[in-house]
file entry.cif (mmCIF, C-alpha atoms)
data_target
#
loop_
_atom_site.label_atom_id
_atom_site.label_comp_id
_atom_site.auth_asym_id
_atom_site.auth_seq_id
_atom_site.Cartn_x
_atom_site.Cartn_y
_atom_site.Cartn_z
CA MET A 564 0.00 0.00 0.00
CA ALA A 565 2.84 2.37 0.79
CA LYS A 566 4.42 1.60 -2.53
CA SER A 567 1.29 2.30 -4.54
CA ARG A 568 0.77 5.51 -2.62
CA GLN A 569 4.31 6.66 -3.57
CA GLU A 570 3.65 5.70 -7.17
CA GLY A 571 0.44 7.70 -7.04
CA MET A 572 2.31 10.67 -5.61
CA CYS A 573 4.88 10.33 -8.36
CA LYS A 574 2.20 10.38 -11.04
CA TYR A 575 0.52 13.28 -9.31
CA THR A 576 3.74 15.33 -9.10
CA ARG A 577 4.50 14.51 -12.74
CA ARG A 578 1.12 15.85 -13.77
CA ILE A 579 1.64 19.01 -11.74
CA ARG A 580 5.07 19.57 -13.26
CA PHE A 581 3.75 19.02 -16.79
CA TRP A 582 0.87 21.40 -16.14
CA LYS A 583 3.19 24.07 -14.66
CA ASN A 584 5.55 23.80 -17.62
CA SER A 585 2.69 24.08 -20.09
CA ILE A 586 1.36 27.16 -18.26
CA MET A 587 4.80 28.76 -18.41
CA ARG A 588 5.12 27.97 -22.11
CA ARG A 589 1.64 29.14 -22.98
CA PRO A 590 2.37 32.95 -22.91
CA VAL A 591 5.42 32.45 -25.10
CA PHE A 592 3.42 30.34 -27.52
CA LEU A 593 0.58 32.91 -27.57
CA GLY A 594 3.08 35.71 -28.16
CA LEU A 595 4.59 33.86 -31.11
CA LEU A 596 1.13 33.21 -32.54
CA LEU A 597 0.24 36.90 -32.18
CA VAL A 598 3.43 38.00 -33.93
CA LEU A 599 2.81 35.47 -36.71
CA PHE A 600 -0.76 36.71 -37.14
CA LEU A 601 0.33 40.36 -37.26
CA GLY A 602 3.02 39.54 -39.81
CA VAL A 603 0.51 37.81 -42.06
CA ALA A 604 -1.91 40.74 -41.68
CA VAL A 605 0.76 43.26 -42.67
CA TYR A 606 1.80 41.10 -45.63
CA ILE A 607 -1.81 40.86 -46.86
CA ARG A 608 -2.30 44.61 -46.37
CA LEU A 609 0.81 45.38 -48.43
CA TRP A 610 -0.24 42.90 -51.09
CA ALA A 611 -3.69 44.46 -51.30
CA ILE A 612 -2.40 47.97 -52.04
CA ASP A 613 -3.16 48.97 -55.58
CA LEU A 614 0.18 49.49 -57.31
CA THR A 615 -1.16 50.81 -60.56
CA ILE A 616 0.22 54.30 -61.09
CA SER A 617 -0.57 56.38 -64.12
CA GLU A 618 2.11 57.74 -66.45
CA ALA A 619 1.48 61.29 -65.25
CA GLU A 620 2.06 60.24 -61.67
CA THR A 621 5.19 58.39 -62.78
CA GLU A 622 6.49 61.53 -64.50
CA ILE A 623 5.74 63.68 -61.42
CA ILE A 624 7.52 61.19 -59.20
CA ARG A 625 10.49 61.09 -61.59
CA ARG A 626 10.71 64.92 -61.61
CA GLN A 627 10.52 65.04 -57.82
CA PHE A 628 13.24 62.43 -57.59
CA ASP A 629 15.43 64.29 -60.10
CA LEU A 630 14.90 67.56 -58.22
CA ALA A 631 15.71 65.92 -54.88
CA ASN A 632 18.75 64.25 -56.43
CA LYS A 633 19.97 67.56 -57.91
CA GLU A 634 19.54 69.34 -54.56
CA ALA A 635 21.40 66.55 -52.80
CA MET A 636 24.24 66.76 -55.34
CA GLU A 637 24.44 70.56 -54.92
CA GLU A 638 24.50 70.25 -51.16
CA SER A 639 27.14 67.55 -51.42
CA ALA A 640 29.22 69.81 -53.68
CA GLU A 641 28.86 72.69 -51.19
CA TRP A 642 30.00 70.48 -48.33
CA ARG A 643 32.89 69.16 -50.42
CA LEU A 644 33.94 72.73 -51.24
CA LYS A 645 33.78 73.67 -47.55
CA TYR A 646 35.81 70.58 -46.69
CA ASP A 647 38.41 71.40 -49.36
CA GLU A 648 38.66 74.98 -48.07
CA GLU A 649 39.15 73.77 -44.51
CA VAL A 650 41.78 71.28 -45.64
CA GLU A 651 43.61 74.04 -47.55
CA ARG A 652 43.40 76.37 -44.56
CA GLY A 653 44.64 73.63 -42.25
CA THR A 654 47.50 72.79 -44.60
CA GLN A 655 48.47 76.48 -44.81
CA ARG A 656 48.46 76.79 -41.00
CA LEU A 657 50.54 73.63 -40.75
CA ARG A 658 53.10 75.05 -43.19
CA GLU A 659 53.23 78.30 -41.21
CA LEU A 660 53.68 76.35 -38.00
CA ILE A 661 56.50 74.29 -39.49
CA GLN A 662 58.20 77.45 -40.76
CA ALA A 663 57.86 79.12 -37.36
CA LYS A 664 59.25 76.02 -35.67
CA GLN A 665 62.19 75.91 -38.06
CA ALA A 666 62.85 79.63 -37.53
CA LEU A 667 62.72 79.11 -33.77
CA GLU A 668 65.13 76.19 -33.99
CA LYS A 669 67.45 78.25 -36.18
CA LYS A 670 67.37 81.17 -33.75
CA THR A 671 67.94 78.78 -30.86
CA LEU A 672 70.98 77.34 -32.61
CA GLU A 673 72.22 80.85 -33.38
CA ALA A 674 71.71 81.87 -29.76
CA ALA A 675 73.61 78.78 -28.59
CA SER A 676 76.39 79.58 -31.07
CA LEU A 677 76.46 83.20 -29.92
CA ASN A 678 76.57 82.11 -26.29
CA LYS A 679 79.48 79.80 -27.09
CA SER A 680 81.27 82.58 -28.97
CA LEU A 681 80.60 84.98 -26.11
CA THR A 682 82.02 82.50 -23.62
CA ILE A 683 85.14 82.01 -25.77
CA LEU A 684 85.58 85.78 -26.17
CA GLN A 685 85.16 86.34 -22.45
CA LYS A 686 87.85 83.72 -21.74
CA GLU A 687 90.13 85.37 -24.29
CA ASN A 688 89.41 88.76 -22.75
CA ILE A 689 90.28 87.44 -19.30
CA ASN A 690 93.53 85.97 -20.68
CA LEU A 691 94.36 89.24 -22.45
CA LEU A 692 93.62 91.24 -19.31
CA GLU A 693 95.93 88.93 -17.37
CA ARG A 694 98.63 89.43 -20.02
CA VAL A 695 98.13 93.20 -19.94
CA GLU A 696 98.37 93.07 -16.17
CA SER A 697 101.54 90.99 -16.30
CA MET A 698 103.06 93.24 -19.00
CA THR A 699 102.17 96.29 -16.96
CA GLN A 700 103.99 94.77 -14.01
CA GLU A 701 106.96 93.92 -16.22
CA LEU A 702 107.02 97.45 -17.53
CA GLU A 703 107.00 98.86 -14.04
CA ASN A 704 109.72 96.45 -13.02
CA GLU A 705 111.80 97.57 -15.99
CA LYS A 706 111.16 101.21 -15.09
CA LEU A 707 112.29 100.51 -11.56
CA LYS A 708 115.42 98.82 -12.84
CA CYS A 709 116.13 101.73 -15.09
CA SER A 710 115.54 104.26 -12.35
CA THR A 711 117.75 102.35 -9.92
CA ARG A 712 120.61 102.26 -12.47
CA GLU A 713 120.64 105.91 -12.98
#

call {"tool": "encode", "arguments": {"input": "entry.cif", "output": "structure tokens"}}
result
Amino acid sequence: MAKSRQEGMCKYTRRIRFWKNSIMRRPVFLGLLLVLFLGVAVYIRLWAIDLTISEAETEIIRRQFDLANKEAMEESAEWRLKYDEEVERGTQRLRELIQAKQALEKKTLEAASLNKSLTILQKENINLLERVESMTQELENEKLKCSTRE
């Protein structure tokens, strides 16, 4: 009896699980059916539209398309011209910047060269001043010698 009761419980729980799963799947299934139905309805609606257009309407549509195409081409040409102008302006500024950078580098090199020359000249000047000082002392010594001899 206990065994049959467990088997009955097993069958009962299986039925509950199956029923729960089917309830959980039902909204998804209904959603898919609704989407399928709406897709078919849209397809039939598009198919039912009368596609017969007269030659006059065709000519009007062609003119509108040509006009829109021409306007788009003109606008595209305007934007291309603006782009080309900006590129030219940017290129010109880049050239000016490169020239200014080169001039700055040249002046920096000249300044470094002038500083080096100035340092060399200052050293030479110090050496010459020392020589003048020593020659002045020699001259005075010679004058003293001459004055002591007389």

call {"tool": "atom_distance", "arguments": {"input": "entry.cif", "atom1": "atom CA of Ala611 of chain A", "atom2": "atom CA of Arg626 of chain A"}}
result
27.1 Å

call {"tool": "atom_distance", "arguments": {"input": "entry.cif", "atom1": "atom CA of Ser639 of chain A", "atom2": "atom CA of Arg652 of chain A"}}
result
19.7 Å

call {"tool": "atom_distance", "arguments": {"input": "entry.cif", "atom1": "atom CA of Arg656 of chain A", "atom2": "atom CA of Glu668 of chain A"}}
result
18.1 Å

call {"tool": "axis_aligned_box", "arguments": {"input": "entry.cif", "around": "segment 658-673 of chain A", "padding_each_side": "3 Å", "output": "lines of an AutoDock Vina configuration file"}}
result
center_x = 62.7
center_y = 77.7
center_z = -37.0
size_x = 25.1
size_y = 12.9
size_z = 18.3
